[in-house]
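> Handing over final-v4.txt, compact mmCIF, C-alpha atoms.
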```
# COMPACT_ATOMS: atom_id res chain seq x y z
CA MET V 727 123.41 87.60 79.76
CA GLU V 728 126.04 87.59 77.03
CA ARG V 729 127.42 90.79 78.54
CA LEU V 730 128.74 88.74 81.48
CA ASP V 731 130.74 86.60 79.05
CA GLU V 732 132.08 89.69 77.29
CA ASN V 733 133.12 91.24 80.61
CA LEU V 734 134.93 88.10 81.74
CA ARG V 735 136.78 87.78 78.43
CA TYR V 736 137.80 91.44 78.61
CA HIS V 737 139.18 91.10 82.14
CA ALA V 738 140.97 87.86 81.21
CA GLU V 739 142.65 89.58 78.26
CA THR V 740 143.70 92.67 80.20
CA VAL V 741 144.76 91.11 83.52
CA ASP V 742 148.31 91.76 84.69
CA HIS V 743 149.69 88.22 84.91
CA LEU V 744 152.63 89.41 87.00
CA ASP V 745 150.42 90.92 89.68
CA ILE V 746 149.03 88.46 92.22
CA GLY V 747 146.24 90.82 93.23
CA SER V 748 145.04 91.08 89.63
CA ILE V 749 145.05 87.30 89.29
CA TYR V 750 142.97 86.88 92.45
CA TYR V 751 140.61 89.58 91.17
CA LEU V 752 140.12 87.65 87.93
CA GLN V 753 139.54 84.46 89.92
CA GLY V 754 136.84 86.23 91.92
CA LEU V 755 135.17 87.42 88.74
CA SER V 756 135.27 83.88 87.35
CA GLU V 757 133.56 82.48 90.45
CA VAL V 758 130.80 85.10 90.32
CA HIS V 759 130.42 84.55 86.57
CA TYR V 760 129.96 80.81 87.06
CA TYR V 761 127.39 81.30 89.82
CA LEU V 762 125.37 83.80 87.80
CA LYS V 763 125.40 81.69 84.64
CA ALA V 764 124.90 78.26 86.20
CA GLU V 765 123.00 78.71 89.46
CA HIS V 766 121.38 82.09 89.97
CA GLU V 767 117.76 82.51 88.94
CA PHE V 768 117.50 86.06 87.68
CA THR V 769 114.42 88.17 88.04
CA PRO V 770 113.64 90.60 85.19
CA ALA V 771 114.44 93.49 87.53
CA GLU V 772 117.88 92.07 88.31
CA VAL V 773 118.70 91.63 84.64
CA GLU V 774 117.64 95.18 83.84
CA ALA V 775 119.55 96.59 86.79
CA LEU V 776 122.83 94.81 86.03
CA LEU V 777 122.72 95.52 82.31
CA SER V 778 122.40 99.24 83.01
CA PHE V 779 126.08 99.22 84.03
CA GLN V 780 129.03 99.19 81.65
CA ASP V 781 130.62 96.25 83.50
CA PRO V 782 127.78 94.22 85.06
CA LEU V 783 130.11 91.40 86.07
CA ASP V 784 132.32 93.68 88.16
CA VAL V 785 129.24 95.23 89.77
CA ALA V 786 127.92 91.75 90.56
CA ARG V 787 131.28 90.86 92.13
CA TRP V 788 130.99 93.83 94.48
CA CYS V 789 127.47 92.73 95.37
CA TRP V 790 128.82 89.22 95.99
CA GLU V 791 131.46 90.47 98.40
CA GLU V 792 128.95 92.56 100.34
CA ASN V 793 126.23 89.91 100.43
CA THR V 794 125.29 88.93 103.99
CA HIS V 795 122.29 86.80 103.01
CA GLU V 796 123.20 83.20 103.68
CA HIS V 797 120.83 81.51 101.25
CA SER V 798 120.11 84.15 98.65
CA PHE V 799 121.70 86.74 96.41
CA PRO V 800 119.22 89.65 96.17
CA ILE V 801 121.00 91.70 93.53
CA CYS V 802 118.64 94.68 93.49
CA ASN V 803 118.84 95.13 97.25
CA LEU V 804 122.61 94.76 97.21
CA LEU V 805 122.96 97.33 94.44
CA LYS V 806 121.28 99.84 96.73
CA GLU V 807 123.40 98.82 99.71
CA ILE V 808 126.70 99.34 97.88
CA GLN V 809 125.37 102.52 96.20
CA ALA V 810 126.20 101.13 92.79
CA GLU V 811 124.51 104.01 90.97
CA GLN V 812 127.10 106.40 92.39
CA LYS V 813 130.15 104.12 92.17
CA PHE V 814 129.99 102.43 88.77
CA PRO V 815 129.71 103.88 85.24
CA LYS V 816 126.40 103.34 83.53
CA VAL V 817 125.77 102.38 79.93
CA VAL V 818 125.56 105.59 77.93
CA ASN V 819 122.69 105.93 75.50
CA GLU V 820 124.05 106.75 72.04
CA ALA V 821 121.67 109.67 71.58
CA GLU V 822 122.59 111.07 75.00
CA GLU V 823 126.29 110.74 74.24
CA GLN V 824 125.89 112.54 70.92
CA ASN V 825 123.96 115.31 72.63
CA ARG V 826 126.72 115.63 75.23
CA LYS V 827 129.30 116.03 72.46
CA TYR V 828 127.11 118.57 70.67
CA LEU V 829 126.78 120.67 73.83
CA LYS V 830 130.53 120.50 74.40
CA LEU V 831 131.18 121.63 70.83
CA MET V 832 128.67 124.47 71.15
CA SER V 833 130.41 125.62 74.31
CA LEU V 834 133.73 125.84 72.46
CA VAL V 835 132.14 127.51 69.43
CA GLY V 836 130.36 129.99 71.69
CA LYS V 837 133.61 130.96 73.40
CA ASP V 838 135.26 131.44 70.01
CA TYR V 839 132.42 133.69 68.89
CA GLU V 840 132.56 135.76 72.08
CA ILE V 841 136.29 136.31 71.61
CA TYR V 842 135.68 137.41 68.03
CA GLN V 843 132.90 139.82 69.06
CA GLU V 844 135.14 141.37 71.70
CA LYS V 845 137.78 142.00 69.05
CA LEU V 846 135.21 143.63 66.78
CA GLU V 847 134.11 145.99 69.55
CA GLU V 848 137.61 147.45 69.52
CA CYS V 849 137.38 148.27 65.80
CA SER V 850 136.44 151.64 64.36
CA ASN V 851 133.55 151.99 61.92
CA GLY V 852 136.01 152.15 59.05
CA GLU V 853 137.72 148.94 60.15
CA LEU V 854 134.38 147.19 60.46
CA ILE V 855 133.49 148.20 56.90
CA ASN V 856 136.82 146.92 55.62
CA ARG V 857 136.28 143.62 57.42
CA ALA V 858 132.67 143.19 56.29
CA GLU V 859 133.43 140.15 54.14
CA GLU V 860 135.37 138.48 56.93
CA ILE V 861 132.58 139.18 59.43
CA ALA V 862 130.00 137.68 57.07
CA THR V 863 132.16 134.56 56.75
CA VAL V 864 132.49 134.11 60.50
CA MET V 865 128.77 134.69 61.00
CA ALA V 866 127.88 132.12 58.34
CA ALA V 867 130.19 129.51 59.86
CA TYR V 868 128.90 130.23 63.36
CA ARG V 869 125.25 129.94 62.33
CA PHE V 870 125.96 126.65 60.58
CA LEU V 871 127.73 125.12 63.58
CA ALA V 872 125.15 126.43 66.05
CA GLU V 873 122.21 125.00 64.13
CA GLU V 874 121.24 121.75 65.85
CA GLY V 875 121.31 118.79 63.49
CA SER V 876 123.57 120.44 60.92
CA LEU V 877 126.57 118.25 61.81
CA THR V 878 127.01 114.51 61.52
CA ALA V 879 128.47 112.51 64.41
CA GLU V 880 131.77 112.22 62.51
CA GLU V 881 131.91 115.97 61.87
CA THR V 882 131.24 116.69 65.54
CA ASP V 883 134.03 114.33 66.62
CA CYS V 884 136.38 115.91 64.11
CA LEU V 885 135.70 119.46 65.30
CA LEU V 886 136.07 118.41 68.94
CA CYS V 887 139.69 117.53 68.20
CA PHE V 888 140.38 121.28 68.27
CA ASN V 889 140.28 123.74 71.14
CA ARG V 890 138.97 126.46 68.81
CA PRO V 891 136.71 124.73 66.28
CA LEU V 892 135.16 127.93 64.89
CA VAL V 893 138.62 129.29 64.08
CA GLU V 894 139.47 126.07 62.25
CA ILE V 895 136.34 125.80 60.14
CA VAL V 896 136.32 129.49 59.16
CA LYS V 897 139.59 128.93 57.28
CA TYR V 898 137.73 126.83 54.72
CA TRP V 899 134.59 128.94 54.35
CA PRO V 900 135.75 131.61 51.82
CA THR V 901 137.18 129.10 49.33
CA ALA V 902 133.98 127.05 49.53
CA GLY V 903 131.86 129.89 48.20
CA MET V 904 130.06 130.05 51.57
CA ASN V 905 128.75 126.52 50.93
CA ALA V 906 128.70 124.65 54.26
CA ASP V 907 128.92 121.16 52.76
CA ILE V 908 131.91 122.05 50.62
CA ALA V 909 133.58 123.80 53.55
CA MET V 910 133.18 120.72 55.77
CA GLU V 911 134.54 118.46 53.04
CA ARG V 912 137.59 120.68 52.57
CA PHE V 913 138.00 120.85 56.33
CA ALA V 914 138.20 117.05 56.55
CA HIS V 915 140.58 116.94 53.60
CA GLY V 916 142.73 119.68 55.09
CA ILE V 917 143.18 117.86 58.40
CA SER V 918 144.32 114.69 56.70
CA SER V 919 146.64 116.58 54.39
CA THR V 920 148.43 118.29 57.27
CA GLN V 921 149.33 114.93 58.76
CA LYS V 922 150.74 113.08 55.75
CA GLU V 923 150.42 112.70 52.01
CA ARG V 924 147.26 110.77 51.33
CA THR V 925 147.44 107.76 49.06
CA GLY V 926 144.97 105.25 47.67
CA PRO V 927 141.56 105.67 46.05
CA ALA V 928 139.31 108.61 46.89
CA ARG V 929 137.17 108.06 49.96
CA SER V 930 133.79 109.40 50.99
CA LEU V 931 133.46 112.43 53.25
CA ARG V 932 132.38 110.13 56.10
CA GLU V 933 135.49 107.97 55.69
CA ARG V 934 137.77 111.01 55.47
CA LEU V 935 136.26 112.49 58.64
CA GLN V 936 136.70 109.24 60.54
CA HIS V 937 140.29 109.00 59.28
CA ALA V 938 140.94 112.63 60.20
CA VAL V 939 139.67 112.13 63.76
CA ARG V 940 141.99 109.16 64.24
CA GLU V 941 144.98 111.05 62.88
CA VAL V 942 144.42 114.16 64.97
CA ARG V 943 144.03 112.08 68.13
CA GLU V 944 147.18 110.07 67.40
CA CYS V 945 149.26 113.02 66.23
CA PRO V 946 147.56 116.34 67.09
CA VAL V 947 147.99 119.21 64.68
CA ALA V 948 150.49 121.69 66.10
CA GLU V 949 148.75 124.64 67.73
CA LYS V 950 149.29 127.90 65.94
CA PRO V 951 149.74 131.18 67.85
CA ALA V 952 146.45 132.62 69.04
CA HIS V 953 144.81 134.83 66.43
CA GLU V 954 141.47 136.36 65.70
CA THR V 955 138.75 134.17 64.29
CA GLY V 956 138.57 134.65 60.57
CA THR V 957 141.68 136.83 60.35
CA ARG V 958 143.16 136.64 56.89
```
As structure tokens - that is how I would like this structure written.

Amino acid sequence: MERLDENLRYHAETVDHLDIGSIYYLQGLSEVHYYLKAEHEFTPAEVEALLSFQDPLDVARWCWEENTHEHSFPICNLLKEIQAEQKFPKVVNEAEEQNRKYLKLMSLVGKDYEIYQEKLEECSNGELINRAEEIATVMAAYRFLAEEGSLTAEETDCLLCFNRPLVEIVKYWPTAGMNADIAMERFAHGISSTQKERTGPARSLRERLQHAVREVRECPVAEKPAHETGTR
């Protein structure tokens, strides 16, 4: 149950030492931590149940406060009584979290594409012919983003930093010769370059994407006026 130790250390490091209530809260966690580590005999079901929560020590503390059993601490029963499943955040499976991000990105990309299609419906046949190259670029970028498994976790995080990810990635498609890998690499480079002059040795695409995500989150790129996807 190393997670219990990690939880206690986290709460000890983040406690507000000027707030009496926070200090008492930490004391309560410490008492429950000691009991669980030194006295309680866990069943496999109890271990599995507690470890399914992000903060098992805090959940156990709530169980402790609601426990009316004089000589026992039936964790599984208490979890049901306090409705822990509804009240406390669960550990998120990495694959599930990545799928959630992918679906969120696809929702944004889909909205971008719908906006672009609506704009095209307003065009005459002549205008559509003149914009054929642009339309092909947008379609290629859209198909790439919509294809499941085409993006790495870092690329997904990077694109989610923008409200209109399709608009952003389309900017790099023409100069990449319609090559998706080159476009994504230039996209990552472009984000970093808009923040500050990059120094130091060249980094891998993965490193640049991770760096770009951090920079955009810390200092978001200024939003440009709304414009059509792929407009040149």
> For V:Val785, which residue among V:Arg857, V:Lys827, V:Lys816, V:Arg890 is the nearest when counting all atoms listed in the file?
V:Lys816
> Between V:Leu885, V:Ile749, V:Leu776, V:Leu834, which has the minimum distance to V:Phe814 (counting only C-alpha atoms)?
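Smallest separation from V:Phe814 among the options: V:Leu776.
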> As a list in words, please: the residues near stretch 864-868 of chain V (cut-off 9 Å, only C-alpha atoms, same-chain neighbours under 5 positions excluded).
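Contacts, with the query itself left out: Val835, Gly836, Tyr839, Tyr842, Glu859, Glu873, Leu892, Val893, Ile895, Val896, Trp899, Met904, Ala906, Thr955 and Gly956 of chain V.
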> Rounded to one decimal, what separation in Å do you get between atom CA of V:Cys802 and atom CA of V:Trp790?
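About the pair atom CA of V:Cys802 and atom CA of V:Trp790: they are 11.8 Å apart.
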> Could you tell me how far atom CA of V:Phe799 lies from atom CA of V:Gly754, in Å and to one decimal?
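Atom-to-atom, atom CA of V:Phe799 to atom CA of V:Gly754, that is 15.8 Å.
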> Quick one: residues within 12 Å of V:Thr901, all atoms listed in the file counted, chain neighbours fewer than 5 positions away excluded, as a PyMOL selection string?
chain V and resi 863+895-896+906-913
> Considering all atoms listed in the file, state which residue in the set V:Leu783, V:Ala872, V:Ala858, V:Val773 is at the smallest distance from V:Ser756.
V:Leu783
> Given the choices V:Arg729, V:His743, V:Arg826, V:His759, which gets closest to V:Asp781 if the distance is worked out from all atoms listed in the file?
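Closest candidate: V:Arg729.
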> What is the distance, in Å and to one decimal place, between atom CA of V:Glu767 and atom CA of V:His795?
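Answer for the atom CA of V:Glu767 to atom CA of V:His795 separation: 15.4 Å.
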> V:Glu791, V:Asp784, V:Asp742, V:Glu894: which is nearest V:Leu871, counting only C-alpha atoms?
V:Glu894
